[in-house]
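**Student:** Would you mind keeping the following structure in view while I ask a few things?
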Amino acid sequence: MVKSTPRALKLENLNILIDAVSQKYRTYGPVAKDGENAWEEVKADGELSLGCAATMLPAKHILQPVRLDLYSFKSSGGFQIEEPGFDEKIALFGVSPCDVNAILALDRVFGGRFVDPYYWQRRENALIVASNCTESAEESFCTSWDTGPELYSDYDLLITELADGYLLEVGSQRGKVVVNGLNLPGATQEDLKEKASRLDAARAATKKRLPVPPDDLHQLFEERYDHPIWVPNAEVCFSCGNCTFSCPTCFCFDIRDEVKPSRKEGVRNLEWDSCQLLEFAEVAHHANFRRLRIDRFKHRTIHKLSWMKQQYGLTGCVGCGRCVRWCPSWPVRRGRITSLADPVEIIADMLEPPEKVEGVERPGGVIV
Amino acid sequence: MKEKRRITSGKPLEKQIKVDYLARTEGEAGVYALVSDSEVKELKFNIWEPARFFEGFLVGRMYYEVHDLVSRICGICPISHMTTALRALEKATGVMISEQTRIVRHILAQSQIASSHIIHLYMLAAPDYMGYDSIIPVISEHPDIFKRYYRMKTAVNKLSTLIGGRALHTMSVLFGKFTRVPSRKSFLEVADDLKAIKDDALETVRFVSRLPIPEFYSENIYVSLKGKDFYPINEGRLASTSGLDVSEDEYRAHFTEQQLPYTNSKYSALNGKDSFMVGALARINQNFDLLSDDAKAIAAEVGFSVPNHNPYLNNLAQAIEIVNGIDDCINLIDAFYPQKEEPAFSIREGEGGAITEAPRGLLYHSYRVSKDGVIEKADIVTPTAHNASNVEKDLNLLLPTISHLGVEEITMRCEELIRAYDPCFSCSVH
Amino acid sequence: MENPYIVEPAAITSIRQETDETKTYTLKFVERERTLQFTPGQFNMISLLGVGEGAFSITSSPLQKDDFEHTIRLVGNLTRAIDRLAQGDIVGVRGPYGTGWPIDSAKGKDIFIIAGGVGLAPLRGLINLIIERRNDFGVVEIMYGSRKPDELVFTSEYDKWRAAPNISLFLTVDEVPEGFEWTHGRGVVTNLLGLSKIDPANALAFVCGPEIMMRFVARSLTIRGLAEENIFVSLERRMECGMAKCGRCMLGRAYICTDGPVFSYPEVRSLPQNLLAASF
Amino acid sequence: MTANSNSNQKVKAAVFKFTCCAGCQFALLHFFDQQVETLELLDFVYFKMARRKELDEPYELAFIEGGVSAPEHIEQLKAIRKQAKTLVAFGACAAHGGVPAIKDWQTEIDVEERAYPDPLLVSSMKVSPVDEFVKVDHYLRGCPIDEVEFMEMIRSIAADKRPYVREHPVCLECKLKNNICILLMREGVQESMCLGPVTRGGCRVVCTSNMRACFGCRGPMSNPNIAEMVRTFKGKGFSGKDIEMRFTEYAGLSAEFREGARAYYERKAPYYKRKAA
Ligand SMILES: Cc1cc2nc3c(=O)[nH]c(=O)nc-3n(C[C@H](O)[C@H](O)[C@H](O)COP(=O)(O)OP(=O)(O)OC[C@H]3O[C@@H](n4cnc5c(N)ncnc54)[C@H](O)[C@@H]3O)c2cc1C
Ligand code: SF4
Ligand code: SF4
Ligand code: SF4
């Protein structure tokens, strides 16, 4: 008879768990790359680099690869289509709470009336080993959304770093199967207390906060859609798309066909795309519904902070701070150098009384 | 080419050789000759490649971008221009590079020489002797030869790509350093690839030696770097078979250039008068002893010995150099343990020149740099500019010996001779 | 898992040239007996594998069960390749997508159908449906404008439309080339509203055309007394998926592909970044 | 049903060289090994670097390599345009003038005299991109051209559809490759003065993947924010000279990069204008 596993276990070191997971799953995790963290496949001797420091690309790129073959086709009179299958078991090891919350948002995007099989085949096969953040990165503001530093649900396994090892919590049957064979001791009351106090400390260390309650954002953007501060902000935007590519909840993509030299076969593939790029909304005859930089800049900001919530019930920002970090433009606002894409700074901008922003003219409408 | 036979009473038969645009070379040049019986009446080797004035516009640029810009002198040997410019600039500004950077630059240069030679032999030179106008028919008619070519080029390109980021116009090369040096593991992987094509390289020597290469004797002065302990690529003494043996800094004391009205390339001369040959044949003629054992052995096997005075056999010399280059790279990689280094340097004003061996021969760059790092003077002499006058000399010698042949055949022979020099007209008119 | 990105082969059973640049294609699924269930105003994604995919309104009437029609104008890469196709060629189809015209709320009411250019395409199915179910609806006035007379689409059906009881068709063009005989209106389509006999109090308007035109039409209609919520417009944006995944057609919080393309005028006015929006 | 699937004819192509290093043609030779299948869609009726054959056949597709720098080039170019159905600007020099166009930034005669004792013997004028004289159908940018983009173009032209040429910035591909941002994370002109945010991508970020700052060889993207690029460079501490040099290396003739090169001297980058609090 198998003894049932208690929810909270004590783990001496991570390797025990990584070994157990990687035996059953192709395992991905944040590893050090060129001085930053990046989600890559974790090799047996690889070193995970956990903690709050957000990875370059979010874990999303494991669930929806940056480039992906939708299907291949052959034509001979009519056509035959061949779909690539995906049945590999994958594990996301060390997902931070904000990223888990971002995945929940993506679940809604790729679910709904039309279910996107490419995302879901991976998602359903994915074991989520989440990791609470016991430290706080300068850029993140997850506490404002309550998307971190602590994760409460929606994980298979959850680890929290303690002074002498890790607390391992089991959140699903699938997670339980992984740890069952490991013979781990149960966690003590002290361990649980230590977790709570560590996460409280991390919460307290997260200094960056939204200047308004999240629920007010919808109204703020609605009322101040034409706030003059958008103009100087958009003026320094490169429209480079770094903010959207690094965002864990951005999902937009492009579909393109490629033909093989025979011209009778080819593949239709998908690649990430960004609303910040000029060509994103271009239609025939080079008409463009978002030709102006300011329209694109507004679209991304408001989509993340307000519209996505209206569309999916979950906000499009989880406060991970990636866009803050990777935006190459650093304007001076309120006397400090800040990141242009920083949602917190943009909201603070919006709160400035419109009359106080001078010398800027609002360019008229959409040019079509 | 057009054939014109003018038969006028009393006059001997004149043959006009005219190639407007030489094929399968890099850049644009033509040749015009008028031969009657065994006399060359007129000869013009006309390099009409449009001038780009590198020496002119480099003035005013910053020291750290010169190597990148000059690499665009030539699409085939960008690495040679890069390395030479860097050595000259580093000398001028008093910057010392690490031993590691030196070694990696050497391996990179060797990989480029091998790649260039492979392309020249198989794609540019061999079709002549195999009776094709390009390599395209070779793909289907001699798949074994094409595959051998393909394997070799893939392997050496892999080495250039590993170090440089891509095979052409590498980008990891910086003033004073590399952006990053690959790990020993990845170097060893490529070394395995190089070992795997060693037989192909030896076979290439045999293949070239079996091509119907004409017998032709033309005693030249050969100029190249001369090595002491190893086959010279990026450094060595400046030497000639006519007795020159000086340091590279004395280049300008012995070599001069002259502009001619019918060609955009300047013509180089040794001691103000002599034409001379540079390139693989010149290097081997002066450094045969420094070749790897296998290179020497295969040379002996195909009956190649030095000094060799058949310029057509520059092709064979290149094939032998491929073997040598592969051996050189394998040995260097074997003993190479990359370290992470973050070299810091400051620059001073000054002037400096450097010479390296590009695939096609001796390459000279020299610069003067101001204290702010701005280029004040640039001087570049390329292998094909060095060779240009010798090509004319050889054509003058060759034409009388083949003047009895048909115009088509004479033209072919002349083209083969020029191609044997592996000229790069883009380089020559930089 | 069912894959909604996969297209089904459909054969072109006939092609009708509408204008120099526009053709109407009749399509029929090849692999299985399937009728396309749709409401006029909805669209399909049409693929030419190897070239691309695009959104095209279904222009036939939903009562036409055996096959369906698309009217496609040559504007670029995909449409150029489609333009070269011949009868018997196969295209890929998925759909239908989007919302259609709110036909049920139009029952018993008078209807304005106002279109510009190829914007008549999503309305043609509706017109033919109305004719087939003539008794369900009140008076219908079709107001259609294009740049030039030879750019009008569906001209072969005008007689049929005019012949139907209580339907009038008003035409207008921006310019008439010299030597061309033209007895209808000139100028913008809003001019035609002066000819209307419909009582706006009991009417609905279905509008499709360039955004700038729809803006003026909507404004004129409200001035004539049509309630804003009785005006419906169809919008166009670039689309890659048609299923609210690719994000391209997003307009504020709305997806044109699933929340639209047919919207009521007040809805559109609340969305930013379009010419009908309140603040522009 | 794929595009044009019933046509199996090869496209007759010709390669012409003007003022450049011939590196793009040479890159094409390189592709011959790996991409035989795609290159077989073309029949090179004129390709001097690869084939000993005169131009004696009509062609549909012309690759123009190099910029225009001599009066005789213009006539040749116009003749080529007349014949070719599709004309492709092949490489940075054809698209933007490339490195040789650095010459245009200085007094012409000074430059020429530094290189030749008698410049009058050399036929030359200012360097211009090909589209200054003829209409260009497609651009293959880059110094040198990118293999993947080239192959996609050949296949598309052979299938008679529009080739996919990326218009987005280099940054995008860096992110998709999970590269760190060297503009933000590194120091030094050579490694970190990155034009990525304003340069057109499609190069598969060979430079930044090798820790080298993008030097803009593919020219400006579709709507580059040059003023902000200049401001960012200044913010990172690069000098006006550095900025001018960076913008003029490979595509200095493009209107946008020209603006960047001049911005330092001609205006201060705009920023917030606010009332005093
Ligand atoms: C709901 C809806 C209904 C529609 N109904 C109809 C209809 O009934 N009839 C009709 O004629 N049209 C209709 N359209 C418009 C139709 O979808 C477009 O005209 C068509 O998709 C244009 O495709 P194209 O490739 O020929 O045009 P293109 O001009 O080639 O492409 C359109 C745009 O997409 C971009 N693009 C496409 N491919 C590429 C590429 N390879 N590389 C870079 N950019 C690319 C371009 O930026 C271009 O501006 C409808 C559109 C919508 C949204
Ligand atoms: S908007 Fe910025 S902070 Fe918010 S989730 Fe996206 S990348 Fe993170
Ligand atoms: S911010 Fe832009 S790219 Fe990101 S999900 Fe929203 S629309 Fe798409
Ligand atoms: S906000 Fe920043 S990261 Fe986003 S597009 Fe603008 S410049 Fe790029």
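Identifiers in the structure tokens: chain A, B, ... in order shown; residue index from 1 per chain; ligand index from 1 in order shown.
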Counting only C-alpha atoms, which residues from chain C have an atom at most 6 Å from any atom of chain D, and could you show them as a list in words?
**Tutor:**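 Listed by rising number, the hits are Leu49, Gly50, Asn77 and Ile90 of chain C.
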**Student:** Residues up to 8 Å from ligand 1, counting only C-alpha atoms and all ligand atoms: could you list those as a PyMOL selection string?
**Tutor:** (chain A and resi 256-257+279-288) or (chain C and resi 22+42-44+51-59+70-81+98+118-119+121-122+234-239+249+256-257+260-261) or (chain D and resi 162-167)
**Student:** Pick out the residues no farther than 7 Å from ligand 2, counting only C-alpha atoms and all ligand atoms, and list them as a list in words.
**Tutor:**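 If we count only C-alpha atoms and all ligand atoms, the neighbours of ligand 2 turn out to be Ser140, Cys243, Thr244, Ser246, Cys247, Pro248, Thr249, Lys304, Gly316, Cys317, Val318, Gly319, Cys320, Gly321, Arg322, Cys323, Val324, Asp342 and Pro343 of chain A.
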**Student:** So that I have them on file, write out the residues from the current selection with C-alpha atoms, as an mmCIF file, in the first residue's frame.
**Tutor:**
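Final output, part_35.cif:
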data_model
loop_
_atom_site.group_PDB
_atom_site.id
_atom_site.type_symbol
_atom_site.label_atom_id
_atom_site.label_comp_id
_atom_site.auth_asym_id
_atom_site.auth_seq_id
_atom_site.Cartn_x
_atom_site.Cartn_y
_atom_site.Cartn_z
ATOM 1 C CA SER A 140 9.320 43.780 -10.392
ATOM 2 C CA CYS A 243 8.670 45.081 -24.312
ATOM 3 C CA THR A 244 6.204 42.719 -25.932
ATOM 4 C CA SER A 246 9.833 39.735 -23.244
ATOM 5 C CA CYS A 247 6.363 39.975 -21.714
ATOM 6 C CA PRO A 248 5.064 36.662 -20.365
ATOM 7 C CA THR A 249 1.471 37.451 -21.276
ATOM 8 C CA LYS A 304 -1.537 44.940 -20.937
ATOM 9 C CA GLY A 316 -2.196 41.270 -18.957
ATOM 10 C CA CYS A 317 0.516 42.378 -16.585
ATOM 11 C CA VAL A 318 1.864 40.232 -13.790
ATOM 12 C CA GLY A 319 4.524 42.663 -12.673
ATOM 13 C CA CYS A 320 7.522 40.579 -13.660
ATOM 14 C CA GLY A 321 9.483 43.653 -14.708
ATOM 15 C CA ARG A 322 10.857 42.250 -17.953
ATOM 16 C CA CYS A 323 9.658 45.154 -20.071
ATOM 17 C CA VAL A 324 11.177 47.507 -17.527
ATOM 18 C CA ASP A 342 7.713 50.572 -17.262
ATOM 19 C CA PRO A 343 3.971 50.181 -16.509
#
**Student:** Using only C-alpha atoms, determine which residues lie at most 8 Å from Thr25 of chain B, disregarding the query and same-chain residues fewer than 4 positions distant; provide the list as a PyMOL selection string.
**Tutor:** (chain B and resi 124+419+422-425) or (chain D and resi 48-49)
**Student:** Give the alpha helix (DSSP H) residues of segment 180-289 of chain B, as DSSP finds them on the backbone, and put them as a ChimeraX atom specification.
**Tutor:** /B:184-196,198-210,251-254,280-287
**Student:** Export, as a PDB file, in the first residue's frame, the selected residues with C-alpha atoms.
**Tutor:**
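Output contents, as saved in again.pdb:
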ATOM      1  CA  ARG B 184      38.083  24.289 -25.997  1.00  0.00           C
ATOM      2  CA  LYS B 185      35.325  21.746 -26.440  1.00  0.00           C
ATOM      3  CA  SER B 186      33.944  23.435 -29.523  1.00  0.00           C
ATOM      4  CA  PHE B 187      37.454  23.899 -30.922  1.00  0.00           C
ATOM      5  CA  LEU B 188      38.151  20.201 -30.483  1.00  0.00           C
ATOM      6  CA  GLU B 189      34.910  19.339 -32.253  1.00  0.00           C
ATOM      7  CA  VAL B 190      35.990  21.307 -35.297  1.00  0.00           C
ATOM      8  CA  ALA B 191      39.453  19.796 -35.107  1.00  0.00           C
ATOM      9  CA  ASP B 192      37.758  16.427 -35.518  1.00  0.00           C
ATOM     10  CA  ASP B 193      36.049  17.740 -38.618  1.00  0.00           C
ATOM     11  CA  LEU B 194      39.401  18.907 -39.930  1.00  0.00           C
ATOM     12  CA  LYS B 195      40.935  15.508 -39.303  1.00  0.00           C
ATOM     13  CA  ALA B 196      38.036  14.008 -41.208  1.00  0.00           C
ATOM     14  CA  LYS B 198      42.566  15.434 -44.240  1.00  0.00           C
ATOM     15  CA  ASP B 199      42.306  12.672 -46.821  1.00  0.00           C
ATOM     16  CA  ASP B 200      40.198  14.904 -49.001  1.00  0.00           C
ATOM     17  CA  ALA B 201      42.920  17.533 -48.810  1.00  0.00           C
ATOM     18  CA  LEU B 202      45.571  15.029 -49.861  1.00  0.00           C
ATOM     19  CA  GLU B 203      43.292  13.837 -52.636  1.00  0.00           C
ATOM     20  CA  THR B 204      42.902  17.439 -53.743  1.00  0.00           C
ATOM     21  CA  VAL B 205      46.659  17.705 -54.262  1.00  0.00           C
ATOM     22  CA  ARG B 206      46.564  14.575 -56.394  1.00  0.00           C
ATOM     23  CA  PHE B 207      43.513  15.856 -58.249  1.00  0.00           C
ATOM     24  CA  VAL B 208      45.193  19.156 -59.095  1.00  0.00           C
ATOM     25  CA  SER B 209      48.427  17.455 -60.075  1.00  0.00           C
ATOM     26  CA  ARG B 210      46.522  15.313 -62.567  1.00  0.00           C
ATOM     27  CA  TYR B 251      58.539  47.552 -46.758  1.00  0.00           C
ATOM     28  CA  ARG B 252      58.308  51.057 -48.146  1.00  0.00           C
ATOM     29  CA  ALA B 253      62.052  51.306 -48.560  1.00  0.00           C
ATOM     30  CA  HIS B 254      61.956  48.526 -51.139  1.00  0.00           C
ATOM     31  CA  ALA B 280      51.140  30.302 -52.564  1.00  0.00           C
ATOM     32  CA  LEU B 281      53.949  29.460 -54.967  1.00  0.00           C
ATOM     33  CA  ALA B 282      56.099  32.277 -53.591  1.00  0.00           C
ATOM     34  CA  ARG B 283      55.437  31.180 -50.015  1.00  0.00           C
ATOM     35  CA  ILE B 284      56.247  27.557 -50.695  1.00  0.00           C
ATOM     36  CA  ASN B 285      59.298  28.414 -52.729  1.00  0.00           C
ATOM     37  CA  GLN B 286      60.661  30.317 -49.735  1.00  0.00           C
ATOM     38  CA  ASN B 287      59.297  28.269 -46.836  1.00  0.00           C
TER      39      ASN B 287
END
**Student:** Counting only C-alpha atoms and all ligand atoms, what are the residues, protein, DNA or RNA alike, that approach ligand 4 to within 9 Å? I want them as a VMD selection string.
**Tutor:** (chain A and resid 233 to 234 236 to 246 274 to 277 293 296 to 297 300 to 301 323 to 330 339 to 342) or (chain D and resid 171 197)
**Student:** For Gly27 of chain B, list every protein, DNA or RNA residue within 10 Å, evaluated using only C-alpha atoms, and leave out those in the same chain fewer than 5 positions away; present the list as a PDB file with C-alpha atoms, in the first residue's frame.
**Tutor:**
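Okay, this is what ended up in out-v8.pdb:
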ATOM      1  CA  TYR B  21      35.678  40.581 -68.598  1.00  0.00           C
ATOM      2  CA  LEU B  22      37.630  37.693 -67.165  1.00  0.00           C
ATOM      3  CA  ILE B  47      41.858  45.965 -64.341  1.00  0.00           C
ATOM      4  CA  TRP B  48      38.727  48.062 -64.747  1.00  0.00           C
ATOM      5  CA  GLU B  49      37.233  47.286 -61.358  1.00  0.00           C
ATOM      6  CA  PRO B  50      35.702  50.568 -60.190  1.00  0.00           C
ATOM      7  CA  CYS B  74      37.501  41.963 -50.593  1.00  0.00           C
ATOM      8  CA  GLY B  75      34.749  39.412 -50.222  1.00  0.00           C
ATOM      9  CA  PRO B 423      43.863  37.327 -58.838  1.00  0.00           C
ATOM     10  CA  CYS B 424      41.513  39.475 -56.864  1.00  0.00           C
ATOM     11  CA  PHE B 425      40.750  42.622 -58.788  1.00  0.00           C
ATOM     12  CA  SER B 426      38.524  44.012 -56.068  1.00  0.00           C
ATOM     13  CA  CYS B 427      41.524  43.934 -53.756  1.00  0.00           C
ATOM     14  CA  SER B 428      43.845  45.420 -56.300  1.00  0.00           C
ATOM     15  CA  VAL B 429      41.570  48.408 -56.898  1.00  0.00           C
TER      16      VAL B 429
ATOM     17  CA  LYS D  17      28.705  43.729 -60.302  1.00  0.00           C
ATOM     18  CA  PHE D  18      29.226  47.412 -59.759  1.00  0.00           C
ATOM     19  CA  THR D  19      31.171  49.119 -56.994  1.00  0.00           C
ATOM     20  CA  CYS D  20      31.648  46.700 -54.107  1.00  0.00           C
ATOM     21  CA  CYS D  21      33.854  43.971 -52.696  1.00  0.00           C
ATOM     22  CA  ALA D  22      32.110  41.161 -54.589  1.00  0.00           C
ATOM     23  CA  GLY D  23      31.471  39.522 -51.237  1.00  0.00           C
ATOM     24  CA  GLN D  25      28.446  37.234 -55.160  1.00  0.00           C
ATOM     25  CA  LYS D  48      31.080  35.988 -64.304  1.00  0.00           C
ATOM     26  CA  MET D  49      32.473  34.909 -60.997  1.00  0.00           C
TER      27      MET D  49
END
**Student:** I'd like the interatomic distance between atom CA of Arg26 of chain A and atom CA of Ser209 of chain D, to a tenth of an Å.
**Tutor:**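 Separation between atom CA of Arg26 of chain A and atom CA of Ser209 of chain D: 25.7 Å.
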**Student:** Could you please determine the separation between atom CA of Arg147 of chain C and atom CA of Arg16 of chain C in Å, to one decimal place?
**Tutor:**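 Spanning atom CA of Arg147 of chain C to atom CA of Arg16 of chain C is a straight-line distance of 20.8 Å.
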**Student:** So, counting only C-alpha atoms, which residue among D:Gly235, D:Gly219, D:Pro144, D:Pro58 is closest to chain A?
**Tutor:** D:Gly235
**Student:** List as a ChimeraX atom specification the protein and nucleic acid residues near segment 192-206 of chain C, meaning an atom at most 8 Å away when only C-alpha atoms are counted, but skip any in the same chain fewer than 3 places from it.
**Tutor:** /C:101,106,109-114,123,139,141,143,170-172,185,188-189,224-227,230-233
**Student:** Go ahead and save the picked residues with N, CA, C and O atoms, as a tab-separated table (two decimals), in the first residue's frame.
**Tutor:**
chain	number	residue	atom	x	y	z
C	101	TRP	N	-24.67	40.02	-39.73
C	101	TRP	CA	-25.61	41.11	-39.53
C	101	TRP	C	-26.73	40.63	-38.62
C	101	TRP	O	-27.19	39.49	-38.76
C	106	ALA	N	-33.87	42.69	-37.38
C	106	ALA	CA	-34.35	43.47	-38.52
C	106	ALA	C	-35.72	43.02	-38.99
C	106	ALA	O	-36.32	43.64	-39.87
C	109	LYS	N	-38.78	45.30	-39.91
C	109	LYS	CA	-38.35	46.69	-39.96
C	109	LYS	C	-37.93	47.08	-41.37
C	109	LYS	O	-37.62	46.23	-42.21
C	110	ASP	N	-37.88	48.40	-41.58
C	110	ASP	CA	-37.30	48.90	-42.82
C	110	ASP	C	-35.78	48.85	-42.69
C	110	ASP	O	-35.24	48.97	-41.59
C	111	ILE	N	-35.12	48.72	-43.82
C	111	ILE	CA	-33.67	48.51	-43.76
C	111	ILE	C	-32.95	49.42	-44.76
C	111	ILE	O	-33.29	49.46	-45.95
C	112	PHE	N	-31.96	50.12	-44.25
C	112	PHE	CA	-30.98	50.80	-45.12
C	112	PHE	C	-29.83	49.84	-45.34
C	112	PHE	O	-29.27	49.32	-44.37
C	113	ILE	N	-29.43	49.64	-46.57
C	113	ILE	CA	-28.21	48.89	-46.83
C	113	ILE	C	-27.29	49.85	-47.57
C	113	ILE	O	-27.58	50.25	-48.70
C	114	ILE	N	-26.23	50.24	-46.91
C	114	ILE	CA	-25.38	51.28	-47.49
C	114	ILE	C	-23.96	50.76	-47.63
C	114	ILE	O	-23.36	50.25	-46.66
C	123	LEU	N	-22.66	42.42	-47.82
C	123	LEU	CA	-24.08	42.76	-47.78
C	123	LEU	C	-24.88	42.04	-48.86
C	123	LEU	O	-26.11	41.95	-48.78
C	139	VAL	N	-39.55	47.88	-45.92
C	139	VAL	CA	-38.96	48.50	-47.11
C	139	VAL	C	-37.44	48.42	-47.04
C	139	VAL	O	-36.85	48.58	-45.98
C	141	GLU	N	-33.89	49.90	-48.79
C	141	GLU	CA	-33.21	50.82	-49.71
C	141	GLU	C	-31.72	50.51	-49.72
C	141	GLU	O	-31.06	50.56	-48.69
C	143	MET	N	-28.17	51.62	-50.94
C	143	MET	CA	-27.46	52.79	-51.44
C	143	MET	C	-26.01	52.40	-51.62
C	143	MET	O	-25.34	52.01	-50.66
C	170	PHE	N	-30.18	52.60	-55.15
C	170	PHE	CA	-29.65	53.91	-55.57
C	170	PHE	C	-28.14	53.77	-55.75
C	170	PHE	O	-27.47	53.21	-54.91
C	171	LEU	N	-27.67	54.33	-56.85
C	171	LEU	CA	-26.24	54.22	-57.13
C	171	LEU	C	-25.63	55.60	-57.24
C	171	LEU	O	-26.29	56.55	-57.65
C	172	THR	N	-24.36	55.68	-56.89
C	172	THR	CA	-23.64	56.93	-57.10
C	172	THR	C	-22.16	56.62	-57.33
C	172	THR	O	-21.65	55.61	-56.86
C	185	GLY	N	-26.59	58.80	-59.61
C	185	GLY	CA	-26.05	59.92	-58.87
C	185	GLY	C	-24.54	60.09	-59.01
C	185	GLY	O	-23.83	59.22	-59.50
C	188	VAL	N	-20.66	61.61	-53.13
C	188	VAL	CA	-20.52	60.62	-52.06
C	188	VAL	C	-21.86	59.95	-51.76
C	188	VAL	O	-22.93	60.48	-52.07
C	189	VAL	N	-21.77	58.79	-51.13
C	189	VAL	CA	-22.94	57.95	-50.94
C	189	VAL	C	-23.97	58.60	-50.00
C	189	VAL	O	-25.17	58.37	-50.10
C	224	ARG	N	-30.65	62.19	-39.40
C	224	ARG	CA	-31.99	61.93	-39.94
C	224	ARG	C	-32.91	61.30	-38.90
C	224	ARG	O	-34.08	61.08	-39.18
C	225	GLY	N	-32.35	60.93	-37.76
C	225	GLY	CA	-33.20	60.44	-36.70
C	225	GLY	C	-33.12	58.95	-36.44
C	225	GLY	O	-33.88	58.39	-35.67
C	226	LEU	N	-32.17	58.28	-37.08
C	226	LEU	CA	-32.01	56.86	-36.81
C	226	LEU	C	-31.28	56.72	-35.47
C	226	LEU	O	-30.29	57.40	-35.23
C	227	ALA	N	-31.80	55.84	-34.62
C	227	ALA	CA	-31.15	55.65	-33.33
C	227	ALA	C	-29.76	55.05	-33.55
C	227	ALA	O	-29.60	54.16	-34.38
C	230	ASN	N	-29.32	51.37	-33.79
C	230	ASN	CA	-29.88	50.69	-34.95
C	230	ASN	C	-28.98	50.75	-36.18
C	230	ASN	O	-29.35	50.32	-37.25
C	231	ILE	N	-27.80	51.34	-35.98
C	231	ILE	CA	-26.84	51.38	-37.10
C	231	ILE	C	-25.80	50.30	-36.86
C	231	ILE	O	-25.24	50.18	-35.76
C	232	PHE	N	-25.55	49.51	-37.89
C	232	PHE	CA	-24.54	48.45	-37.78
C	232	PHE	C	-23.49	48.62	-38.87
C	232	PHE	O	-23.83	48.92	-40.01
C	233	VAL	N	-22.24	48.47	-38.46
C	233	VAL	CA	-21.17	48.64	-39.44
C	233	VAL	C	-20.30	47.40	-39.43
C	233	VAL	O	-20.26	46.66	-38.44
**Student:** Report as a VMD selection string all protein, DNA and RNA residues lying within 10 Å of Asn387 of chain B, evaluated on only C-alpha atoms, omitting residues in the same chain fewer than 2 positions from it.
**Tutor:** chain B and resid 223 267 to 269 275 to 279 360 to 362 382 to 385 389 to 393 421 423 428
